[in-house]
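Data first, discussion second: the structure below is written as structure tokens.
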Protein chains: 2
Amino acid sequence: MARAWHLKSRPEGMPTADNFELKDVDLPPLGDGMIRIRNHWLSVDPYMRGRMNDAKSYVPPFQVGQPLEGGAVGEVVESKADGFAAGDQVVHMGGWRDEAVVPAQAARKLPDLGAEPQQFLGVLGTTGATAYFGLLDAASAKEGDIVFVSAAAGAVGSVAVQIAKAKGMTVIGSAGGAPKCDYVRSLGADQVMDYRAAPILKSLAGAAPEGIDVYFDNVGGDHLDAALALARNHARFAICGMIQGYNKREATSLKFAMRVIAARIRLQGFLVFDYQSRMEEFYRDMAGWLKSGAVKSRETVVEGLEQTPEAFLGLFRGANVGKMLVKL
Amino acid sequence: MARAWHLKSRPEGMPTADNFELKDVDLPPLGDGMIRIRNHWLSVDPYMRGRMNDAKSYVPPFQVGQPLEGGAVGEVVESKADGFAAGDQVVHMGGWRDEAVVPAQAARKLPDLGAEPQQFLGVLGTTGATAYFGLLDAASAKEGDIVFVSAAAGAVGSVAVQIAKAKGMTVIGSAGGAPKCDYVRSLGADQVMDYRAAPILKSLAGAAPEGIDVYFDNVGGDHLDAALALARNHARFAICGMIQGYNKREATSLKFAMRVIAARIRLQGFLVFDYQSRMEEFYRDMAGWLKSGAVKSRETVVEGLEQTPEAFLGLFRGANVGKMLVKL
């Protein structure tokens with residue numbers, strides 16, 4: 001018997017606690033090639049909001065009445081799969097629950113990088129890999145570039161800021177409220193803008209009088225528009241997320257869309273899943289940065305399976321600094 | 001003495017004849033390295049509207065009270081420059097007037113490709129090169145791709161359609177009204193949509209049930225949004241123009257902006273001026289297509305210098321099929 005969070009109803013706009021239900025579930029018998037995992041850490045991520053809509057996207061939508069899924073780190077408690085044994089620590093997608101049975105090929109044993117297990121949901125997980133491949137591949141960011149990172153105190157943004165600094169870029173970050181701005185400053189950002197204190201376009205014009213070469217977009221909307229306004233010639237935008245739009249159906253309104261032409265801007269949408277074959281490269285660089293202190297891991301931890309929806313909802317209130325995790 | 005169109009006042013929104021004034025001008029004395037050209041053909045292009053605003057862009061704005069500029073083809077009548085002699089046919093930027101004195105390095109002798117002189121303002125000029133480099137470089141379009149071209153009866157769009165067909169792509173074109181749609185069909189487009197007859201999103205969903213790989217954007221606004229809605233994974237958009245937005249200050253409203261992420265779309269703004277070093281490649285391919293009949297040149301010709309503003313204003317009413325030219 002396990003306990004798993006289910007989608008009780010599809011959210012309209014901003015999700016609420018009423019959209020979720022914690023229920024007992026029977027685990028399937030452990031077939032050949034399967035492993036049973038006791039989860040210790042669960043990940044909640046903004047992209048999960050999209051899966052709660054009944055819409056076709058890059059991952060199938062969650063179904064009403066069915067368990068939710070998400071990243072998790074746990075310990076193998078029973079294995080019928082070659083190469084996996086009880087006691088192995090693994091990262092997998094059977095989250096939002098305390099115990100899961102999954103095919104072994106859907107789990108990855110934590111590589112021995114001297115890191116904490118939960119870091120494989122953060123700086124060493126899809127979160128960190130999103131920042132890494134988004135910045136260096138989708139945006140082709142390089143030494144000397146002036147880089148604007150939105151939601152720079154968030155899970156992905158905070159890692160993007162640190163990678164950019166480690167690679168010799170000038171970094172401008174945006175965040176909401178003084179404590180988050182202080183955190184972004186502590187990561188080494190050259191300029192920090194509080195988007196609650198002034199319109200982001202005005203702030204960015206002040207912070208980047210000569211414009212920006214790269215924009216790492218986690219926000220969309222007014223942040224994307226400001227980046228278009230301030231983009232230098234041949235600027236590259238990595239479009240990672242648009243959290244401003246996840247809970248509303250309003251159109252994105254861009255006053256500066258036409259600058260794409262005059263400044264020859266490249267906007268590149270990307271998903272970290274496309275970089276699975278390059279994870280070793282990421283592990284190598286990120287482990288090095290963690291060891292040297294160039295990248296520091298920061299987590300906001302909520303305790304207890306019962307608190308998982310609350311942790312998820314907090315993402316849209318900006319309740320997290322760094323990676324939001326649930327500890328079981 | 002020459003006659004040249006001047007910017008009398010900056011247009012607010014849609015330009016009118018009142019914004020232009022034809023005046024006599026003294027030509028400067030012919031210094032060393034200069035040539036005097038009698039123009040035979042003038043080009044009017046949508047991008048010129050942007051230069052009529054007092055705004056920084058990739059080319060300096062036109063100044064009130066000063067002559068306008070634009071592409072032109074003419075004959076050298078006097079030369080103090082090596083390599084240029086009276087009788088040479090040249091293409092240059094001293095348009096919107098009957099006679100011009102320009103530095104020889106700002107003029108290009110028409111290459112001997114067996115083409116009509118005015119074609120160097122159209123299929124063999126920046127218009128054709130815009131279609132060529134936009135489609136094949138900015139959008140990385142290749143054989144087998146499903147390509148959506150907006151304003152497909154326009155100067156650039158009509159060439160883009162024909163290049164795409166010559167390269168073995170499936171082409172969907174949009175245009176306004178039945179005669180233009182017939183013209184696009186005659187260019188070999190597989191599907192043609194009349195954007196005046198139905199919302200473009202609905203039409204595109206019908207014309208491209210499996211989605212599009214490439215979008216060649218001349219329009220922006222609702223056309224760009226429809227392309228975002230229908231884009232397949234890893235689609236590439238060449239952002240060439242957004243004529244919908246040139247005369248109004250409204251923001252571009254995109255309901256489907258977020259699809260950039262899920263479908264990993266690349267939007268690439270571009271300017272043909274960045275491809276000057278690759279013009280030989282363009283001339284070679286385009287001359288071959290003209291010879292084989294794969295690309296046909298089509299022009300809308302207005303007669304007389306006096307009609308230049310009218311020709312220009314016609315661009316925004318959709319008065320042209322193919323390239324809009326003024327014949328002197």
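In the structure tokens, chains take the letters A, B, ... in the order shown, each chain's residues start at 1, and ligands count up from 1 in the order shown.
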> Where does DSSP see strand (DSSP E) in segment 123-284 of chain A, if you list the residues as an NGL selection string?
Replying inline: :A and (146-149 or 170-175 or 191-194 or 212-217 or 231-239 or 252-254 or 266-269)
>> So that I can check the secondary structure, give me every residue of segment 65-172 of chain A assigned helix (DSSP H, G or I) by backbone DSSP, as a ChimeraX atom specification.
In response: /A:104-106,117-121,126-138,155-166
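Counting only C-alpha atoms and comparing B:Ala100, B:Leu42, B:Leu135, B:Val302, the residue that lies closest to Asp26 of chain B is B:Ala100.
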> Within 8 Å of chain B, which residues of chain A show up when using only C-alpha atoms, listed as a list in words?
Replying inline: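 Here they are: Ser57, Tyr58, Ile239, Cys240, Gly241, Met242, Gly245, Arg249, Glu250, Ala251, Thr252, Ser253, Leu254, Lys255, Phe256, Ala257, Met258, Val260, Ile261, Ala262, Ala263, Arg264, Ile265, Arg266, Leu267, Gln268, Gly269, Phe270 and Leu271 of chain A.
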Give me a file of those residues, with C-alpha atoms, as a CSV table (one decimal), in the first residue's frame.
chain,number,residue,atom,x,y,z
A,57,SER,CA,1.6,19.1,-25.2
A,58,TYR,CA,5.1,17.5,-25.0
A,239,ILE,CA,12.7,30.4,-24.0
A,240,CYS,CA,12.5,28.1,-21.0
A,241,GLY,CA,9.3,29.0,-19.2
A,242,MET,CA,6.6,31.7,-19.1
A,245,GLY,CA,1.0,32.8,-18.4
A,249,ARG,CA,-5.6,32.5,-20.6
A,250,GLU,CA,-4.7,36.0,-21.6
A,251,ALA,CA,-2.6,36.5,-24.7
A,252,THR,CA,1.0,37.6,-24.4
A,253,SER,CA,1.1,41.2,-25.4
A,254,LEU,CA,4.4,42.3,-27.0
A,255,LYS,CA,5.0,46.0,-27.8
A,256,PHE,CA,8.5,45.3,-29.1
A,257,ALA,CA,7.9,42.2,-31.2
A,258,MET,CA,9.1,44.0,-34.3
A,260,VAL,CA,13.1,40.7,-33.6
A,261,ILE,CA,13.8,41.8,-37.2
A,262,ALA,CA,15.8,45.0,-36.7
A,263,ALA,CA,18.1,43.4,-34.1
A,264,ARG,CA,18.1,39.9,-35.8
A,265,ILE,CA,17.1,38.3,-32.5
A,266,ARG,CA,16.9,34.5,-32.2
A,267,LEU,CA,14.3,33.1,-29.9
A,268,GLN,CA,14.8,29.4,-29.2
A,269,GLY,CA,12.3,27.3,-27.2
A,270,PHE,CA,13.8,24.3,-25.6
A,271,LEU,CA,13.0,21.3,-23.4
>> So that I can check the surroundings of Gln63 of chain A, please list as a PyMOL selection string every protein, DNA and RNA residue that reaches within 10 Å of it, counting only C-alpha atoms and ignoring chain neighbours fewer than 2 positions away.
In response: chain A and resi 6-10+51-54+60-61+65-68
Saved selection, atoms kept: C-alpha atoms, as a PDB file, in the first residue's frame:
ATOM      1  CA  HIS A   6      -4.286  12.431  -7.294  1.00  0.00           C
ATOM      2  CA  LEU A   7      -5.684  15.138  -9.544  1.00  0.00           C
ATOM      3  CA  LYS A   8      -9.165  15.607  -8.103  1.00  0.00           C
ATOM      4  CA  SER A   9     -10.254  18.260 -10.598  1.00  0.00           C
ATOM      5  CA  ARG A  10      -8.659  20.385 -13.291  1.00  0.00           C
ATOM      6  CA  ARG A  51      -0.087  18.920 -17.436  1.00  0.00           C
ATOM      7  CA  MET A  52      -3.133  19.740 -15.309  1.00  0.00           C
ATOM      8  CA  ASN A  53      -4.903  21.202 -18.347  1.00  0.00           C
ATOM      9  CA  ASP A  54      -6.643  18.914 -20.787  1.00  0.00           C
ATOM     10  CA  PRO A  60       0.415  13.855 -21.880  1.00  0.00           C
ATOM     11  CA  PRO A  61      -1.986  15.687 -19.536  1.00  0.00           C
ATOM     12  CA  GLY A  65      -8.947  10.819 -10.653  1.00  0.00           C
ATOM     13  CA  GLN A  66      -5.486   9.516 -11.483  1.00  0.00           C
ATOM     14  CA  PRO A  67      -2.182   9.881  -9.602  1.00  0.00           C
ATOM     15  CA  LEU A  68       0.130  12.763 -10.447  1.00  0.00           C
TER      16      LEU A  68
END
>> Env of Lys296 of chain A: 12 Å cut, atoms = only C-alpha atoms, seq-sep filter 4 positions within chain, self excluded. Answer as number ranges by chain.
In response: A: 115, 119, 122-124, 128, 155, 158-163, 166, 183-184, 186-188, 286-292, 322-323
Writer output for current selection, N, CA and C atoms, as a short mmCIF file (atom, residue, chain, number, x, y, z; two decimals), in the first residue's frame:
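So the final result, stored in selection.cif, reads:
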data_model
loop_
_atom_site.label_atom_id
_atom_site.label_comp_id
_atom_site.auth_asym_id
_atom_site.auth_seq_id
_atom_site.Cartn_x
_atom_site.Cartn_y
_atom_site.Cartn_z
N ALA A 115 27.66 14.35 -4.09
CA ALA A 115 26.58 15.32 -3.87
C ALA A 115 25.51 14.73 -2.96
N GLN A 119 20.08 16.87 -4.40
CA GLN A 119 20.64 17.76 -5.43
C GLN A 119 20.36 17.23 -6.84
N GLY A 122 17.71 19.07 -8.13
CA GLY A 122 17.98 20.50 -8.24
C GLY A 122 19.13 20.79 -9.17
N VAL A 123 20.23 21.29 -8.60
CA VAL A 123 21.37 21.68 -9.44
C VAL A 123 21.90 20.54 -10.30
N LEU A 124 21.81 19.30 -9.81
CA LEU A 124 22.32 18.17 -10.59
C LEU A 124 21.19 17.41 -11.30
N GLY A 128 18.95 21.88 -12.93
CA GLY A 128 20.28 22.36 -13.29
C GLY A 128 20.57 22.18 -14.77
N ALA A 155 14.41 28.18 -9.12
CA ALA A 155 15.23 26.97 -9.20
C ALA A 155 16.15 27.02 -10.42
N SER A 158 18.33 30.62 -10.69
CA SER A 158 19.48 30.78 -9.79
C SER A 158 20.68 29.98 -10.28
N VAL A 159 20.43 28.86 -10.91
CA VAL A 159 21.55 28.10 -11.47
C VAL A 159 22.08 28.78 -12.74
N ALA A 160 21.17 29.31 -13.56
CA ALA A 160 21.59 30.01 -14.78
C ALA A 160 22.50 31.19 -14.44
N VAL A 161 22.13 31.94 -13.40
CA VAL A 161 22.97 33.08 -12.97
C VAL A 161 24.38 32.60 -12.64
N GLN A 162 24.46 31.52 -11.89
CA GLN A 162 25.77 31.06 -11.42
C GLN A 162 26.62 30.48 -12.56
N ILE A 163 25.97 29.76 -13.47
CA ILE A 163 26.72 29.24 -14.63
C ILE A 163 27.25 30.40 -15.46
N ALA A 166 30.17 31.84 -13.78
CA ALA A 166 31.31 30.91 -13.88
C ALA A 166 31.95 30.96 -15.26
N TYR A 183 19.34 37.52 -2.41
CA TYR A 183 19.84 36.18 -2.75
C TYR A 183 20.51 36.17 -4.13
N VAL A 184 19.85 36.81 -5.10
CA VAL A 184 20.41 36.84 -6.46
C VAL A 184 21.76 37.57 -6.46
N SER A 186 23.76 37.66 -3.98
CA SER A 186 24.74 36.76 -3.33
C SER A 186 25.26 35.70 -4.29
N LEU A 187 24.53 35.45 -5.37
CA LEU A 187 24.98 34.47 -6.37
C LEU A 187 26.01 35.08 -7.30
N GLY A 188 26.22 36.39 -7.19
CA GLY A 188 27.24 37.03 -8.03
C GLY A 188 26.69 37.85 -9.17
N MET A 286 28.98 20.50 -13.93
CA MET A 286 28.28 20.96 -12.73
C MET A 286 28.96 20.43 -11.46
N ALA A 287 29.42 19.18 -11.49
CA ALA A 287 30.13 18.64 -10.32
C ALA A 287 31.37 19.48 -10.04
N GLY A 288 32.05 19.89 -11.10
CA GLY A 288 33.23 20.74 -10.94
C GLY A 288 32.89 22.07 -10.30
N TRP A 289 31.80 22.67 -10.78
CA TRP A 289 31.39 23.98 -10.23
C TRP A 289 30.94 23.87 -8.78
N LEU A 290 30.26 22.76 -8.46
CA LEU A 290 29.83 22.57 -7.06
C LEU A 290 31.05 22.42 -6.16
N LYS A 291 32.05 21.69 -6.64
CA LYS A 291 33.26 21.43 -5.87
C LYS A 291 34.04 22.73 -5.64
N SER A 292 34.13 23.53 -6.70
CA SER A 292 34.90 24.78 -6.60
C SER A 292 34.12 25.87 -5.88
N GLY A 322 15.46 29.33 -4.75
CA GLY A 322 16.11 28.13 -5.28
C GLY A 322 15.07 27.04 -5.53
N LYS A 323 15.50 25.80 -5.43
CA LYS A 323 14.66 24.66 -5.79
C LYS A 323 13.66 24.31 -4.70
#
>> Please report the interatomic distance between atom CA of Ala81 of chain B and atom CA of Thr308 of chain B in Å with one decimal.
In response: 29.4 Å
>> What's around segment 199-206 of chain A at 9 Å? Count only C-alpha atoms, leave out sequence neighbours fewer than 5 positions away in its own chain, and write the answer as a list in words.
In response: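 These residues fall inside the cut-off: Phe148, Ile172, Ser174, Met193, Asp194, Gly211, Asp222, His223, Asp225, Ala226, Ala227, Ala229 and Leu230 of chain A.
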>> Taking 3 positions as the minimum chain separation for residues in the same chain, which residues sit within 6 Å of Met169 of chain B when counting only C-alpha atoms? Answer as a ChimeraX atom specification.
In response: /B:143-145,164-165
For the residues in that selection, give me C-alpha atoms as a PDB file, in the first residue's frame.
ATOM      1  CA  GLU B 143      13.292  19.414 -48.921  1.00  0.00           C
ATOM      2  CA  GLY B 144      10.177  17.798 -47.497  1.00  0.00           C
ATOM      3  CA  ASP B 145       9.349  20.602 -45.075  1.00  0.00           C
ATOM      4  CA  ALA B 164      10.359  26.516 -51.646  1.00  0.00           C
ATOM      5  CA  LYS B 165       8.700  24.652 -54.515  1.00  0.00           C
TER       6      LYS B 165
END
>> Taking 4 positions as the minimum chain separation for residues in the same chain, which residues sit within 7 Å of Gly94 of chain B when counting only C-alpha atoms? Answer as a ChimeraX atom specification.
In response: /B:69-72,100
> What separation in Å, quoted to one decimal, exists between atom CA of Leu315 of chain A and atom CA of Lys327 of chain A?
Replying inline: 16.0 Å
> Using only C-alpha atoms, which of A:Phe282, A:Phe84, A:Tyr215, A:Phe20 sits nearest Phe133 of chain A?
Replying inline: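 Ranking A:Phe282, A:Phe84, A:Tyr215, A:Phe20 by distance to Phe133 of chain A, first place goes to A:Phe282.
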